[in-house]
Amino acid sequence: MPEHSPRLKHPSRNRSRKSSNGAAPPETPLVGAHMPTTGGIHRALLEGAAIGCTAVQLFTSSPQQWKSRSLTPEQIALFGETHVETGCVPLIVHDSYLINLATASTDLREKSQRAFLEEMERCEALGIQYLVTHCGARGDESEEQGLSRLADSLSTIHRATAGYRLRVALEITAGQGTCLGHRFEQFTQVLHECPESDRLSVCFDTCHAFAAGYDFREREGYERVMEEFDDAIGLNRLAVLHLNDSRKDLGTRVDRHHHIGRGYIGAEAFRLIMRDPRFEGIPKIVETPDFSLHKENIRVLRGLAKVSRRIGPRTKLPFPLAGEPAAQEEISANTPQESAPVVTLPELAAIT
Ligand SMILES: [Zn+2]
Ligand SMILES: [Zn+2]
């Protein structure tokens with residue numbers, strides 16, 4: 001086990017403090033953000049450490065281009081050294097937005113599989129744990145056909161990457177257009193049809209699941225949604241949590257990320273997640289607008305992990321929200337605030 005920086009706690013400490021009785025979560029939960037890679041991929045780790053990330057997500061190439069350069073041995077070595085220096089936090093990569101492993105178009109599917117394999121090669125070389133990908137879009141085909149194509153693509157990919165430590169994490173989507181992955185049952189089909197399904201895990205994005213119609217804003221709904229997830233997918237498959245509030249209301253199937261506690265989801269859901277002992281060892285990644293506010297969003301999440309009472313629409317929080325002066329600590333549970341910038345995933349790409 002490599003040495004870690006005194007600034008960041010090693011994830012194994014979290015695991016060693018695991019409680020089975022719903023007691024207080026560890027003082028340093030695995031919380032981080034999608035970090036930019038301007039100046040080199042290792043910069044994501046340095047910038048992440050500087051704002052207190054105990055988990056980091058990044059892109060390994062431009063997410064809106066097919067062309068990707070393979071990493072040089074120097075880049076890989078520098079990334080590895082920086083990873084050790086910054087505390088060996090869990091690492092997650094998000095794949096390119098162009099990749100569609102479910103498409104009926106043979107050309108696009110093959111191109112997507114090739115690009116995805118390159119993503120996997122880079123991740124494996126860098127020691128990344130999870131490669132998060134969206135489930136693709138079905139186009140004119142039925143949902144069932146699209147999901148079968150996705151399962152086929154994944155099995156091709158798994159065959160080509162035998163022995164990899166890296167795991168693919170399929171992300172819950174908002175279900176925009178013909179995008180797949182917005183119902184838990186869709187994952188059941190993919191897991192059923194994919195021969196090496198033990199190599200698959202799932203990423204739960206709060207903004208996406210909420211926009212897709214899952215209501216986990218209050219304790220009762222939260223428990224019901226998690227139970228549904230467990231029945232259809234299995235909570236043991238949950239590998240990554242994307243913690244984003246939503247600019248759009250429940251069931252709108254539109255993917256617009258918002259700062260924690262500022263959107264239609266509200267702070268209570270994030271408090272429930274942050275204090276859920278089942279998710280203690282799972283990296284929680286913020287993909288909210290304006291990465292200069294990541295530090296604040298992470299601080300809000302850490303604060304929620306410590307707040308034991310229920311957060312209501314007019315609760316005063318013991319910490320200010322991102323970008324707000326300390327005097328204005330009132331949080332709106334379900335009414336989005338318009339002042340903060342909004343980001344969509346392609347916009348997020350622009351900050352890398
Ligand atoms: Zn996400
Ligand atoms: Zn999104």
# chains A, B, ... in the order shown; residues from 1 in each chain; ligands from 1
call {"tool": "closest_atom_pairs", "arguments": {"of": "chain A", "to": "ligand 1", "cutoff": "10 Å", "atoms": "only C-alpha atoms and all ligand atoms", "output": "JSON lines"}}
result
{"residue": "A:His34", "atom": "CA", "partner": "ligand 1", "partner_atom_place_in_ligand_line": "1 (Zn)", "distance": 9.3}
{"residue": "A:His94", "atom": "CA", "partner": "ligand 1", "partner_atom_place_in_ligand_line": "1 (Zn)", "distance": 8.4}
{"residue": "A:Val132", "atom": "CA", "partner": "ligand 1", "partner_atom_place_in_ligand_line": "1 (Zn)", "distance": 8.3}
{"residue": "A:Thr133", "atom": "CA", "partner": "ligand 1", "partner_atom_place_in_ligand_line": "1 (Zn)", "distance": 9.0}
{"residue": "A:His134", "atom": "CA", "partner": "ligand 1", "partner_atom_place_in_ligand_line": "1 (Zn)", "distance": 8.6}
{"residue": "A:Glu171", "atom": "CA", "partner": "ligand 1", "partner_atom_place_in_ligand_line": "1 (Zn)", "distance": 6.9}
{"residue": "A:Ile172", "atom": "CA", "partner": "ligand 1", "partner_atom_place_in_ligand_line": "1 (Zn)", "distance": 7.9}
{"residue": "A:Thr173", "atom": "CA", "partner": "ligand 1", "partner_atom_place_in_ligand_line": "1 (Zn)", "distance": 7.9}
{"residue": "A:Ala174", "atom": "CA", "partner": "ligand 1", "partner_atom_place_in_ligand_line": "1 (Zn)", "distance": 9.7}
{"residue": "A:Cys203", "atom": "CA", "partner": "ligand 1", "partner_atom_place_in_ligand_line": "1 (Zn)", "distance": 7.7}
{"residue": "A:Phe204", "atom": "CA", "partner": "ligand 1", "partner_atom_place_in_ligand_line": "1 (Zn)", "distance": 7.5}
{"residue": "A:Asp205", "atom": "CA", "partner": "ligand 1", "partner_atom_place_in_ligand_line": "1 (Zn)", "distance": 4.9}
{"residue": "A:Thr206", "atom": "CA", "partner": "ligand 1", "partner_atom_place_in_ligand_line": "1 (Zn)", "distance": 7.9}
{"residue": "A:Cys207", "atom": "CA", "partner": "ligand 1", "partner_atom_place_in_ligand_line": "1 (Zn)", "distance": 7.7}
{"residue": "A:His208", "atom": "CA", "partner": "ligand 1", "partner_atom_place_in_ligand_line": "1 (Zn)", "distance": 7.3}
{"residue": "A:Ala209", "atom": "CA", "partner": "ligand 1", "partner_atom_place_in_ligand_line": "1 (Zn)", "distance": 9.9}
{"residue": "A:Val240", "atom": "CA", "partner": "ligand 1", "partner_atom_place_in_ligand_line": "1 (Zn)", "distance": 9.3}
{"residue": "A:Leu241", "atom": "CA", "partner": "ligand 1", "partner_atom_place_in_ligand_line": "1 (Zn)", "distance": 8.0}
{"residue": "A:His242", "atom": "CA", "partner": "ligand 1", "partner_atom_place_in_ligand_line": "1 (Zn)", "distance": 5.1}
{"residue": "A:Leu243", "atom": "CA", "partner": "ligand 1", "partner_atom_place_in_ligand_line": "1 (Zn)", "distance": 7.7}
{"residue": "A:Asn244", "atom": "CA", "partner": "ligand 1", "partner_atom_place_in_ligand_line": "1 (Zn)", "distance": 7.7}
{"residue": "A:Asp255", "atom": "CA", "partner": "ligand 1", "partner_atom_place_in_ligand_line": "1 (Zn)", "distance": 9.5}
{"residue": "A:His257", "atom": "CA", "partner": "ligand 1", "partner_atom_place_in_ligand_line": "1 (Zn)", "distance": 8.8}
{"residue": "A:Ile285", "atom": "CA", "partner": "ligand 1", "partner_atom_place_in_ligand_line": "1 (Zn)", "distance": 8.2}
{"residue": "A:Val286", "atom": "CA", "partner": "ligand 1", "partner_atom_place_in_ligand_line": "1 (Zn)", "distance": 8.3}
{"residue": "A:Glu287", "atom": "CA", "partner": "ligand 1", "partner_atom_place_in_ligand_line": "1 (Zn)", "distance": 6.6}
{"residue": "A:Thr288", "atom": "CA", "partner": "ligand 1", "partner_atom_place_in_ligand_line": "1 (Zn)", "distance": 9.4}
{"residue": "A:Thr344", "atom": "CA", "partner": "ligand 1", "partner_atom_place_in_ligand_line": "1 (Zn)", "distance": 9.7}
{"residue": "A:Leu345", "atom": "CA", "partner": "ligand 1", "partner_atom_place_in_ligand_line": "1 (Zn)", "distance": 7.8}
call {"tool": "select_by_dssp", "arguments": {"residues": "range 145-258 of chain A", "states": "strand (DSSP E or B)", "output": "PyMOL selection string"}}
result
chain A and resi 167-171+179+200-205+238-242+245-246+257-258
call {"tool": "residues_around", "arguments": {"residues": "range 70-83 of chain A", "least_positions_apart": "5", "cutoff": "7 Å", "atoms": "only C-alpha atoms", "output": "PyMOL selection string"}}
result
chain A and resi 41-42+45+88+122+125-126
call {"tool": "closest_residue", "arguments": {"among": "A:Val225, A:Leu235, A:Ala151, A:Val168", "to": "Cys194 in chain A", "atoms": "only C-alpha atoms"}}
result
A:Ala151
call {"tool": "residues_around", "arguments": {"residues": "Phe229 in chain A", "least_positions_apart": "2", "cutoff": "12 Å", "atoms": "only C-alpha atoms", "output": "list in words"}}
result
Ile172, His182, Arg183, Phe184, Glu185, Gln186, Phe187, Thr188, Val202, Cys203, Phe204, Ala209, Tyr214, Phe216, Tyr222, Glu223, Arg224, Val225, Met226, Glu227, Asp231, Ala232, Ile233, Gly234, Leu235, Asn236, Arg237 and Leu238 of chain A
call {"tool": "residues_around", "arguments": {"residues": "range 294-299 of chain A", "least_positions_apart": "5", "cutoff": "10 Å", "atoms": "only C-alpha atoms", "output": "PyMOL selection string"}}
result
chain A and resi 31-35+48+50-54+243-244+259-261+284-289+304-305+319-324
call {"tool": "write_last_selection", "arguments": {"atoms": "N, CA and C atoms", "output": "tab-separated table (two decimals), in the first residue's frame"}}
result
chain	number	residue	atom	x	y	z
A	31	VAL	N	-15.91	11.64	-1.33
A	31	VAL	CA	-16.62	12.66	-2.10
A	31	VAL	C	-15.62	13.40	-2.98
A	32	GLY	N	-15.99	13.58	-4.23
A	32	GLY	CA	-15.12	14.31	-5.14
A	32	GLY	C	-15.91	14.89	-6.27
A	33	ALA	N	-15.23	15.17	-7.36
A	33	ALA	CA	-15.90	15.83	-8.48
A	33	ALA	C	-15.28	15.41	-9.80
A	34	HIS	N	-15.99	15.73	-10.87
A	34	HIS	CA	-15.41	15.58	-12.20
A	34	HIS	C	-14.45	16.75	-12.39
A	35	MET	N	-13.15	16.42	-12.53
A	35	MET	CA	-12.13	17.48	-12.55
A	35	MET	C	-11.58	17.69	-13.96
A	48	GLY	N	-8.02	18.22	-7.84
A	48	GLY	CA	-8.95	17.52	-6.95
A	48	GLY	C	-8.45	17.54	-5.51
A	50	ALA	N	-6.47	19.63	-4.20
A	50	ALA	CA	-6.45	21.01	-3.70
A	50	ALA	C	-7.83	21.43	-3.16
A	51	ILE	N	-8.89	20.82	-3.68
A	51	ILE	CA	-10.22	21.21	-3.16
A	51	ILE	C	-10.81	20.12	-2.25
A	52	GLY	N	-9.98	19.17	-1.85
A	52	GLY	CA	-10.42	18.19	-0.85
A	52	GLY	C	-11.15	16.98	-1.38
A	53	CYS	N	-10.95	16.65	-2.68
A	53	CYS	CA	-11.60	15.45	-3.23
A	53	CYS	C	-10.99	14.19	-2.61
A	54	THR	N	-11.84	13.24	-2.22
A	54	THR	CA	-11.35	11.93	-1.80
A	54	THR	C	-11.76	10.88	-2.84
A	243	LEU	N	-23.58	12.74	-7.78
A	243	LEU	CA	-24.48	13.57	-6.97
A	243	LEU	C	-24.66	14.94	-7.61
A	244	ASN	N	-25.79	15.10	-8.28
A	244	ASN	CA	-26.14	16.36	-8.94
A	244	ASN	C	-27.59	16.67	-8.61
A	259	HIS	N	-26.62	22.76	-8.84
A	259	HIS	CA	-25.83	22.66	-7.61
A	259	HIS	C	-26.64	21.97	-6.51
A	260	ILE	N	-25.90	21.30	-5.62
A	260	ILE	CA	-26.52	20.52	-4.54
A	260	ILE	C	-27.43	21.41	-3.68
A	261	GLY	N	-28.68	21.00	-3.56
A	261	GLY	CA	-29.64	21.73	-2.73
A	261	GLY	C	-30.31	22.89	-3.43
A	284	LYS	N	-18.56	9.27	-4.39
A	284	LYS	CA	-19.68	10.16	-4.71
A	284	LYS	C	-19.11	11.37	-5.46
A	285	ILE	N	-19.53	11.50	-6.70
A	285	ILE	CA	-18.92	12.48	-7.61
A	285	ILE	C	-19.90	13.58	-7.98
A	286	VAL	N	-19.46	14.80	-7.80
A	286	VAL	CA	-20.26	15.97	-8.17
A	286	VAL	C	-19.96	16.32	-9.63
A	287	GLU	N	-20.99	16.53	-10.42
A	287	GLU	CA	-20.81	16.95	-11.82
A	287	GLU	C	-21.65	18.20	-12.06
A	288	THR	N	-21.57	19.10	-11.10
A	288	THR	CA	-22.44	20.28	-11.13
A	288	THR	C	-21.82	21.40	-11.96
A	289	PRO	N	-22.63	22.42	-12.26
A	289	PRO	CA	-22.15	23.52	-13.10
A	289	PRO	C	-20.96	24.23	-12.48
A	304	LEU	N	-23.79	17.81	4.95
A	304	LEU	CA	-25.02	17.00	5.02
A	304	LEU	C	-24.75	15.64	5.65
A	305	ALA	N	-23.54	15.11	5.44
A	305	ALA	CA	-23.18	13.82	6.05
A	305	ALA	C	-23.20	13.93	7.57
A	319	PHE	N	-24.22	25.51	7.23
A	319	PHE	CA	-23.17	25.92	6.29
A	319	PHE	C	-23.85	26.56	5.09
A	320	PRO	N	-23.21	27.50	4.44
A	320	PRO	CA	-23.84	28.15	3.29
A	320	PRO	C	-23.78	27.28	2.04
A	321	LEU	N	-24.66	27.55	1.13
A	321	LEU	CA	-24.63	26.84	-0.14
A	321	LEU	C	-23.58	27.44	-1.06
A	322	ALA	N	-23.25	26.68	-2.09
A	322	ALA	CA	-22.23	27.12	-3.04
A	322	ALA	C	-22.48	28.54	-3.52
A	323	GLY	N	-21.48	29.37	-3.38
A	323	GLY	CA	-21.55	30.71	-3.95
A	323	GLY	C	-22.42	31.69	-3.19
A	324	GLU	N	-22.99	31.26	-2.08
A	324	GLU	CA	-23.86	32.15	-1.33
A	324	GLU	C	-23.16	32.65	-0.08
call {"tool": "closest_residue", "arguments": {"among": "A:Ala55, A:Ala160, A:Met120, A:Ala137", "to": "Leu108 in chain A", "atoms": "only C-alpha atoms"}}
result
A:Ala137
call {"tool": "closest_residue", "arguments": {"among": "A:Glu118, A:Asp215, A:Asp245, A:Asp152", "to": "ligand 2", "atoms": "only C-alpha atoms and all ligand atoms"}}
result
A:Asp245
call {"tool": "residues_around", "arguments": {"residues": "Pro90 in chain A", "least_positions_apart": "5", "cutoff": "9 Å", "atoms": "only C-alpha atoms", "output": "list in words"}}
result
Pro11, Leu30, Thr54, Ala55, Val56, Gln57, Ile128, Gln129, Tyr130 and Pro283 of chain A
call {"tool": "closest_residue", "arguments": {"among": "A:Arg302, A:Arg253, A:Arg199, A:Lys67", "to": "Thr161 in chain A", "atoms": "only C-alpha atoms"}}
result
A:Arg199
call {"tool": "atom_distance", "arguments": {"atom1": "CA of Arg167 in chain A", "atom2": "CA of Asp198 in chain A"}}
result
9.4 Å
call {"tool": "residues_around", "arguments": {"residues": "Glu218 in chain A", "least_positions_apart": "3", "cutoff": "12 Å", "atoms": "only C-alpha atoms", "output": "VMD selection string"}}
result
chain A and resid 214 to 215 221 to 225 265 to 273 310 to 313 333 to 334
call {"tool": "select_by_dssp", "arguments": {"residues": "range 94-129 of chain A", "states": "alpha helix (DSSP H)", "output": "JSON, numbers by chain"}}
result
{"A": [106, 107, 108, 109, 110, 111, 112, 113, 114, 115, 116, 117, 118, 119, 120, 121, 122, 123, 124, 125, 126]}
call {"tool": "closest_residue", "arguments": {"among": "A:Ile282, A:Val254, A:Val84, A:Val300", "to": "ligand 2", "atoms": "only C-alpha atoms and all ligand atoms"}}
result
A:Val254
call {"tool": "closest_residue", "arguments": {"among": "A:Gly263, A:Gly139, A:Gly39, A:Gly146", "to": "Val190 in chain A", "atoms": "only C-alpha atoms"}}
result
A:Gly146
call {"tool": "atom_distance", "arguments": {"atom1": "CA of Thr60 in chain A", "atom2": "CA of Leu191 in chain A"}}
result
26.4 Å
